[in-house]
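The file start_1.pdb comes next; it holds PDB, C-alpha atoms.
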```
ATOM      1  CA  MET A   1      10.360   1.275 -10.066
ATOM      2  CA  LEU A   2       7.090  -0.178  -8.902
ATOM      3  CA  TRP A   3       5.000   3.012  -9.049
ATOM      4  CA  GLY A   4       6.744   4.851 -11.919
ATOM      5  CA  ASN A   5       8.199   8.352 -12.043
ATOM      6  CA  GLU A   6       4.927  10.112 -11.274
ATOM      7  CA  GLY A   7       4.328   7.914  -8.240
ATOM      8  CA  GLN A   8       7.869   8.517  -6.963
ATOM      9  CA  LEU A   9       7.409  12.285  -7.279
ATOM     10  CA  LEU A  10       4.144  12.085  -5.319
ATOM     11  CA  LEU A  11       5.902  10.038  -2.650
ATOM     12  CA  GLU A  12       8.775  12.533  -2.395
ATOM     13  CA  LYS A  13       6.283  15.402  -1.942
ATOM     14  CA  ALA A  14       4.117  13.531   0.570
ATOM     15  CA  HIS A  15       3.787  14.604   4.202
ATOM     16  CA  VAL A  16       2.705  11.644   6.330
ATOM     17  CA  CYS A  17       1.760  11.790   9.999
ATOM     18  CA  ILE A  18       2.190   8.728  12.213
ATOM     19  CA  ALA A  19       0.618   8.826  15.663
ATOM     20  CA  GLY A  20       1.640   6.285  18.294
ATOM     21  CA  LYS A  21       4.768   4.323  19.146
ATOM     22  CA  SER A  22       4.735   0.582  18.653
ATOM     23  CA  GLN A  23       6.516  -2.171  16.772
ATOM     24  CA  LEU A  24       4.025  -1.657  13.983
ATOM     25  CA  THR A  25       4.897   2.051  13.854
ATOM     26  CA  GLN A  26       8.558   1.143  13.656
ATOM     27  CA  GLU A  27       7.895  -1.024  10.600
ATOM     28  CA  VAL A  28       5.686   1.631   8.961
ATOM     29  CA  VAL A  29       8.349   4.326   9.426
ATOM     30  CA  LYS A  30      11.001   2.083   7.889
ATOM     31  CA  ASN A  31       8.765   1.236   4.918
ATOM     32  CA  LEU A  32       7.969   4.913   4.321
ATOM     33  CA  ALA A  33      11.543   6.137   4.768
ATOM     34  CA  LEU A  34      13.288   3.660   2.475
ATOM     35  CA  PRO A  35      11.440   4.550  -0.760
ATOM     36  CA  GLY A  36      11.785   8.282  -0.022
ATOM     37  CA  THR A  37       8.646   9.749   1.557
ATOM     38  CA  GLY A  38       9.338  13.481   1.687
ATOM     39  CA  ARG A  39       8.384  14.299   5.255
ATOM     40  CA  LEU A  40       7.281  12.315   8.294
ATOM     41  CA  THR A  41       5.694  13.779  11.417
ATOM     42  CA  LEU A  42       5.773  11.388  14.360
ATOM     43  CA  ILE A  43       3.412  11.972  17.267
ATOM     44  CA  ASN A  44       4.384  10.234  20.496
ATOM     45  CA  ASP A  45       1.551   8.853  22.555
ATOM     46  CA  THR A  46       1.904   8.178  26.262
ATOM     47  CA  ASP A  47       1.382   4.433  26.106
ATOM     48  CA  GLU A  48       4.189   3.212  28.359
ATOM     49  CA  GLU A  49       3.561  -0.446  27.463
ATOM     50  CA  ASN A  50       4.280   0.229  23.797
ATOM     51  CA  ASN A  51       7.254   2.467  24.554
ATOM     52  CA  LEU A  52       8.901  -0.393  26.484
ATOM     53  CA  PHE A  53       8.888  -2.561  23.357
ATOM     54  CA  PHE A  54       9.974   0.277  21.097
ATOM     55  CA  GLY A  55      13.648  -0.674  21.084
ATOM     56  CA  THR A  56      15.062   1.168  18.097
ATOM     57  CA  ASP A  57      15.136   4.918  17.962
ATOM     58  CA  ILE A  58      13.047   6.219  15.058
ATOM     59  CA  ARG A  59      15.936   8.458  13.979
ATOM     60  CA  ASN A  60      18.038   5.340  13.304
ATOM     61  CA  LEU A  61      15.357   4.022  10.951
ATOM     62  CA  VAL A  62      15.029   7.312   9.123
ATOM     63  CA  ALA A  63      18.816   7.533   8.800
ATOM     64  CA  LEU A  64      18.443   4.811   6.171
ATOM     65  CA  ASN A  65      17.351   7.620   3.842
ATOM     66  CA  PRO A  66      18.779  11.032   4.823
ATOM     67  CA  ARG A  67      16.511  12.890   2.360
ATOM     68  CA  VAL A  68      13.474  12.214   4.550
ATOM     69  CA  LYS A  69      12.639  15.086   6.900
ATOM     70  CA  VAL A  70      11.357  14.025  10.322
ATOM     71  CA  ASP A  71       9.486  16.012  12.958
ATOM     72  CA  GLU A  72       8.675  14.544  16.377
ATOM     73  CA  LEU A  73       5.854  15.896  18.508
ATOM     74  CA  ASP A  74       4.175  14.859  21.740
ATOM     75  CA  TRP A  75       0.396  14.446  21.794
ATOM     76  CA  GLN A  76      -1.240  17.748  22.738
ATOM     77  CA  GLN A  77      -4.988  17.467  23.125
ATOM     78  CA  ALA A  78      -5.612  21.229  22.793
ATOM     79  CA  ILE A  79      -3.900  21.477  19.391
ATOM     80  CA  MET A  80      -4.470  18.068  17.872
ATOM     81  CA  CYS A  81      -8.233  17.856  18.376
ATOM     82  CA  HIS A  82      -8.766  20.499  15.681
ATOM     83  CA  SER A  83      -8.998  19.777  11.967
ATOM     84  CA  GLU A  84      -6.558  22.586  11.091
ATOM     85  CA  PHE A  85      -3.696  20.555  12.560
ATOM     86  CA  TRP A  86      -4.483  17.433  10.504
ATOM     87  CA  SER A  87      -5.166  19.271   7.223
ATOM     88  CA  GLN A  88      -1.445  19.770   6.575
ATOM     89  CA  PHE A  89      -0.858  16.043   5.979
ATOM     90  CA  ASP A  90      -1.418  13.880   2.904
ATOM     91  CA  LEU A  91      -1.989  10.741   4.988
ATOM     92  CA  VAL A  92      -2.486  10.094   8.698
ATOM     93  CA  ILE A  93      -1.586   6.739  10.239
ATOM     94  CA  VAL A  94      -2.717   6.077  13.808
ATOM     95  CA  SER A  95      -1.401   3.094  15.755
ATOM     96  CA  THR A  96      -2.291   3.451  19.418
ATOM     97  CA  ARG A  97      -4.645   2.162  22.100
ATOM     98  CA  GLN A  98      -4.929   5.513  23.857
ATOM     99  CA  THR A  99      -8.646   6.254  24.137
ATOM    100  CA  GLU A 100      -7.956   9.989  24.360
ATOM    101  CA  ILE A 101      -6.292   9.955  20.942
ATOM    102  CA  LEU A 102      -8.733   7.525  19.350
ATOM    103  CA  SER A 103     -11.830   9.451  20.487
ATOM    104  CA  CYS A 104     -10.387  12.736  19.213
ATOM    105  CA  ILE A 105      -9.496  11.146  15.834
ATOM    106  CA  SER A 106     -12.878   9.435  15.579
ATOM    107  CA  ALA A 107     -14.807  12.636  16.289
ATOM    108  CA  LEU A 108     -12.768  14.668  13.795
ATOM    109  CA  TRP A 109     -12.918  12.209  10.880
ATOM    110  CA  THR A 110     -16.637  11.651  11.444
ATOM    111  CA  SER A 111     -17.470  15.350  11.297
ATOM    112  CA  GLU A 112     -14.885  16.657   8.778
ATOM    113  CA  PRO A 113     -15.029  15.066   5.310
ATOM    114  CA  SER A 114     -12.196  17.272   4.012
ATOM    115  CA  LEU A 115      -9.516  15.686   6.212
ATOM    116  CA  PRO A 116      -6.805  13.536   4.574
ATOM    117  CA  PRO A 117      -7.135   9.749   4.374
ATOM    118  CA  LEU A 118      -6.750   7.977   7.711
ATOM    119  CA  LEU A 119      -5.284   4.547   8.336
ATOM    120  CA  LEU A 120      -6.168   3.173  11.768
ATOM    121  CA  SER A 121      -4.071   0.193  12.766
ATOM    122  CA  TYR A 122      -2.983  -1.688  15.809
ATOM    123  CA  MET A 123      -1.175  -4.918  16.534
ATOM    124  CA  HIS A 124      -0.854  -6.985  19.682
ATOM    125  CA  GLY A 125       1.104 -10.210  19.228
ATOM    126  CA  PHE A 126      -0.423 -12.117  16.322
ATOM    127  CA  TYR A 127      -3.649 -10.124  16.343
ATOM    128  CA  GLY A 128      -4.336  -6.734  14.853
ATOM    129  CA  TYR A 129      -6.577  -4.626  12.688
ATOM    130  CA  VAL A 130      -6.346  -2.119   9.859
ATOM    131  CA  ARG A 131      -9.083   0.311   8.837
ATOM    132  CA  PHE A 132      -8.838   2.821   5.983
ATOM    133  CA  ILE A 133     -11.070   5.906   6.175
ATOM    134  CA  SER A 134     -11.319   8.362   3.301
ATOM    135  CA  SER A 135     -13.976  10.768   2.078
ATOM    136  CA  GLU A 136     -13.168  10.008  -1.540
ATOM    137  CA  PRO A 137     -12.693   6.745  -3.424
ATOM    138  CA  HIS A 138      -9.179   5.400  -3.819
ATOM    139  CA  CYS A 139      -8.471   5.499  -7.559
ATOM    140  CA  ILE A 140      -5.485   4.614  -9.685
ATOM    141  CA  THR A 141      -4.857   7.687 -11.786
ATOM    142  CA  GLN A 142      -2.115   6.320 -13.996
ATOM    143  CA  SER A 143      -2.067   2.731 -15.170
ATOM    144  CA  HIS A 144       1.470   2.944 -16.672
ATOM    145  CA  PRO A 145       0.649   2.591 -20.373
ATOM    146  CA  GLN A 146       4.385   2.443 -21.198
ATOM    147  CA  HIS A 147       4.343  -1.169 -19.918
ATOM    148  CA  LYS A 148       2.042  -2.807 -22.430
ATOM    149  CA  ILE A 149       1.229  -6.490 -22.246
ATOM    150  CA  PRO A 150       1.994  -8.025 -25.642
ATOM    151  CA  ASP A 151      -0.882  -9.472 -27.603
ATOM    152  CA  LEU A 152      -0.025 -13.133 -28.161
ATOM    153  CA  ARG A 153      -3.024 -13.960 -30.362
ATOM    154  CA  LEU A 154      -2.232 -15.281 -33.813
ATOM    155  CA  GLU A 155      -4.029 -13.074 -36.308
ATOM    156  CA  ARG A 156      -2.085 -14.319 -39.325
ATOM    157  CA  PRO A 157      -0.981 -17.914 -38.650
ATOM    158  CA  TRP A 158       1.676 -19.432 -40.896
ATOM    159  CA  ASP A 159       0.810 -22.165 -43.403
ATOM    160  CA  GLU A 160       2.217 -25.100 -41.387
ATOM    161  CA  LEU A 161       0.095 -24.150 -38.361
ATOM    162  CA  LEU A 162      -3.055 -23.871 -40.494
ATOM    163  CA  TYR A 163      -2.330 -27.272 -42.032
ATOM    164  CA  HIS A 164      -1.840 -28.813 -38.584
ATOM    165  CA  LEU A 165      -5.053 -27.264 -37.233
ATOM    166  CA  ASP A 166      -7.007 -28.508 -40.257
ATOM    167  CA  SER A 167      -5.662 -32.020 -39.724
ATOM    168  CA  LEU A 168      -7.083 -32.195 -36.196
ATOM    169  CA  GLU A 169     -10.447 -33.828 -35.887
ATOM    170  CA  THR A 170     -11.880 -31.645 -33.154
ATOM    171  CA  TYR A 171     -15.452 -32.664 -33.984
ATOM    172  CA  ASP A 172     -14.651 -36.202 -32.795
ATOM    173  CA  THR A 173     -16.127 -36.718 -29.344
ATOM    174  CA  ASN A 174     -13.757 -39.537 -28.502
ATOM    175  CA  LYS A 175     -11.919 -38.259 -25.396
ATOM    176  CA  GLY A 176      -9.060 -40.672 -25.961
ATOM    177  CA  LYS A 177      -8.096 -38.978 -29.210
ATOM    178  CA  LEU A 178      -8.548 -35.459 -27.860
ATOM    179  CA  LEU A 179      -6.279 -36.200 -24.890
ATOM    180  CA  LYS A 180      -3.420 -36.870 -27.301
ATOM    181  CA  VAL A 181      -3.625 -33.427 -28.955
ATOM    182  CA  PRO A 182      -1.173 -32.020 -30.053
ATOM    183  CA  TYR A 183       0.701 -35.365 -29.945
ATOM    184  CA  ASN A 184      -1.767 -37.270 -32.094
ATOM    185  CA  GLU A 185      -0.498 -40.724 -32.984
ATOM    186  CA  GLN A 186      -1.820 -41.471 -36.441
TER     187      GLN A 186
END
```
Any chance you could put this one into structure tokens?
Amino acid sequence: MLWGNEGQLLLEKAHVCIAGKSQLTQEVVKNLALPGTGRLTLINDTDEENNLFFGTDIRNLVALNPRVKVDELDWQQAIMCHSEFWSQFDLVIVSTRQTEILSCISALWTSEPSLPPLLLSYMHGFYGYVRFISSEPHCITQSHPQHKIPDLRLERPWDELLYHLDSLETYDTNKGKLLKVPYNEQ
């Protein structure tokens, strides 16, 4: 497991909100559903251009992992332009071009430092952008000490190795000889 048991438990408890419908959203939902994100809330925007390209139903993607709970909502300006709505999520991902949604999100995250981390993203063909906004630094809290990198330094070399190292003339500045190490032809 890439993120360990503690990371998997955090993922299973996470409540992620994804606003917008696009091919990028489709990929994000799949990549959150497969490892077992606990709950996804999908907010549909009214971008008809994106909805035309949104071929697969989100429910089919989430069916890849039946333990994931999914809620679908339509964008409601009156409710969603208040910080109380967004405070229930652990992460908010926005992928839309709708200026109504983007201006509401921008105003909220600028004025409310207590809101969850926000990932703004959009893709059009081969071009796109990603912006991460958070009021606190992103820190790794567990570095997985159970996976230690072995120390390969030789603190107590064996006698044959010491003899071989002593036989090398490393003080010689002749590059020709040094290039032959450890295959020194004597």
For this session: Go ahead and compute the interatomic distance for atom CA of A:Gly20 and atom CA of A:Thr96, in Å to one decimal.
Result: 5.0 Å
How big is the axis-aligned box around all listed atoms of stretch 98-101 of chain A once 4 Å goes on each side, and where's its centre, in Å to one decimal, as JSON?
```
{"center_x": -6.8, "center_y": 7.8, "center_z": 22.7, "size_x": 11.7, "size_y": 12.5, "size_z": 11.4}
```
Problem set entry | Test item: the PyMOL selection byres ((chain A and resi 102) around 12) resolved as a PyMOL selection string | chain A and resi 19-20+45+75+77+80-81+93-101+103-110+118-122
Problem set entry | Hits from the PyMOL selection byres ((chain A and resi 61-73) around 12), listed as a PyMOL selection string | chain A and resi 11-21+25-46+55-60+74-77+79-80
Next, dump the selected residues to file, keeping only C-alpha atoms, as a PDB file, in the frame of the given file.
```pdb
ATOM      1  CA  LEU A  11       5.902  10.038  -2.650  1.00  0.00           C
ATOM      2  CA  GLU A  12       8.775  12.533  -2.395  1.00  0.00           C
ATOM      3  CA  LYS A  13       6.283  15.402  -1.942  1.00  0.00           C
ATOM      4  CA  ALA A  14       4.117  13.531   0.570  1.00  0.00           C
ATOM      5  CA  HIS A  15       3.787  14.604   4.202  1.00  0.00           C
ATOM      6  CA  VAL A  16       2.705  11.644   6.330  1.00  0.00           C
ATOM      7  CA  CYS A  17       1.760  11.790   9.999  1.00  0.00           C
ATOM      8  CA  ILE A  18       2.190   8.728  12.213  1.00  0.00           C
ATOM      9  CA  ALA A  19       0.618   8.826  15.663  1.00  0.00           C
ATOM     10  CA  GLY A  20       1.640   6.285  18.294  1.00  0.00           C
ATOM     11  CA  LYS A  21       4.768   4.323  19.146  1.00  0.00           C
ATOM     12  CA  THR A  25       4.897   2.051  13.854  1.00  0.00           C
ATOM     13  CA  GLN A  26       8.558   1.143  13.656  1.00  0.00           C
ATOM     14  CA  GLU A  27       7.895  -1.024  10.600  1.00  0.00           C
ATOM     15  CA  VAL A  28       5.686   1.631   8.961  1.00  0.00           C
ATOM     16  CA  VAL A  29       8.349   4.326   9.426  1.00  0.00           C
ATOM     17  CA  LYS A  30      11.001   2.083   7.889  1.00  0.00           C
ATOM     18  CA  ASN A  31       8.765   1.236   4.918  1.00  0.00           C
ATOM     19  CA  LEU A  32       7.969   4.913   4.321  1.00  0.00           C
ATOM     20  CA  ALA A  33      11.543   6.137   4.768  1.00  0.00           C
ATOM     21  CA  LEU A  34      13.288   3.660   2.475  1.00  0.00           C
ATOM     22  CA  PRO A  35      11.440   4.550  -0.760  1.00  0.00           C
ATOM     23  CA  GLY A  36      11.785   8.282  -0.022  1.00  0.00           C
ATOM     24  CA  THR A  37       8.646   9.749   1.557  1.00  0.00           C
ATOM     25  CA  GLY A  38       9.338  13.481   1.687  1.00  0.00           C
ATOM     26  CA  ARG A  39       8.384  14.299   5.255  1.00  0.00           C
ATOM     27  CA  LEU A  40       7.281  12.315   8.294  1.00  0.00           C
ATOM     28  CA  THR A  41       5.694  13.779  11.417  1.00  0.00           C
ATOM     29  CA  LEU A  42       5.773  11.388  14.360  1.00  0.00           C
ATOM     30  CA  ILE A  43       3.412  11.972  17.267  1.00  0.00           C
ATOM     31  CA  ASN A  44       4.384  10.234  20.496  1.00  0.00           C
ATOM     32  CA  ASP A  45       1.551   8.853  22.555  1.00  0.00           C
ATOM     33  CA  THR A  46       1.904   8.178  26.262  1.00  0.00           C
ATOM     34  CA  GLY A  55      13.648  -0.674  21.084  1.00  0.00           C
ATOM     35  CA  THR A  56      15.062   1.168  18.097  1.00  0.00           C
ATOM     36  CA  ASP A  57      15.136   4.918  17.962  1.00  0.00           C
ATOM     37  CA  ILE A  58      13.047   6.219  15.058  1.00  0.00           C
ATOM     38  CA  ARG A  59      15.936   8.458  13.979  1.00  0.00           C
ATOM     39  CA  ASN A  60      18.038   5.340  13.304  1.00  0.00           C
ATOM     40  CA  ASP A  74       4.175  14.859  21.740  1.00  0.00           C
ATOM     41  CA  TRP A  75       0.396  14.446  21.794  1.00  0.00           C
ATOM     42  CA  GLN A  76      -1.240  17.748  22.738  1.00  0.00           C
ATOM     43  CA  GLN A  77      -4.988  17.467  23.125  1.00  0.00           C
ATOM     44  CA  ILE A  79      -3.900  21.477  19.391  1.00  0.00           C
ATOM     45  CA  MET A  80      -4.470  18.068  17.872  1.00  0.00           C
TER      46      MET A  80
END
```
Exercise. Hey, what's within 8 Å of A:Ser83 if we count only C-alpha atoms and toss same-chain stuff fewer than 4 positions away? As a PyMOL selection string, please?
Worked result: chain A and resi 87+108+112+115
Exercise. Between atom CA of A:Glu136 and atom CA of A:Pro117, what is the spacing in Å?
Worked result: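 Atom-to-atom, atom CA of A:Pro117 to atom CA of A:Glu136, that is 8.5 Å.
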Exercise. To one decimal place, how far is atom CA of A:Leu91 from atom CA of A:Gln146 in Å?
Worked result: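 Computing it gives 28.2 Å between the two atoms.
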Problem set entry | Proximity to A:Gln88 - best of A:Pro150, A:Gly4, A:Pro116, A:Pro157, only C-alpha atoms | A:Pro116
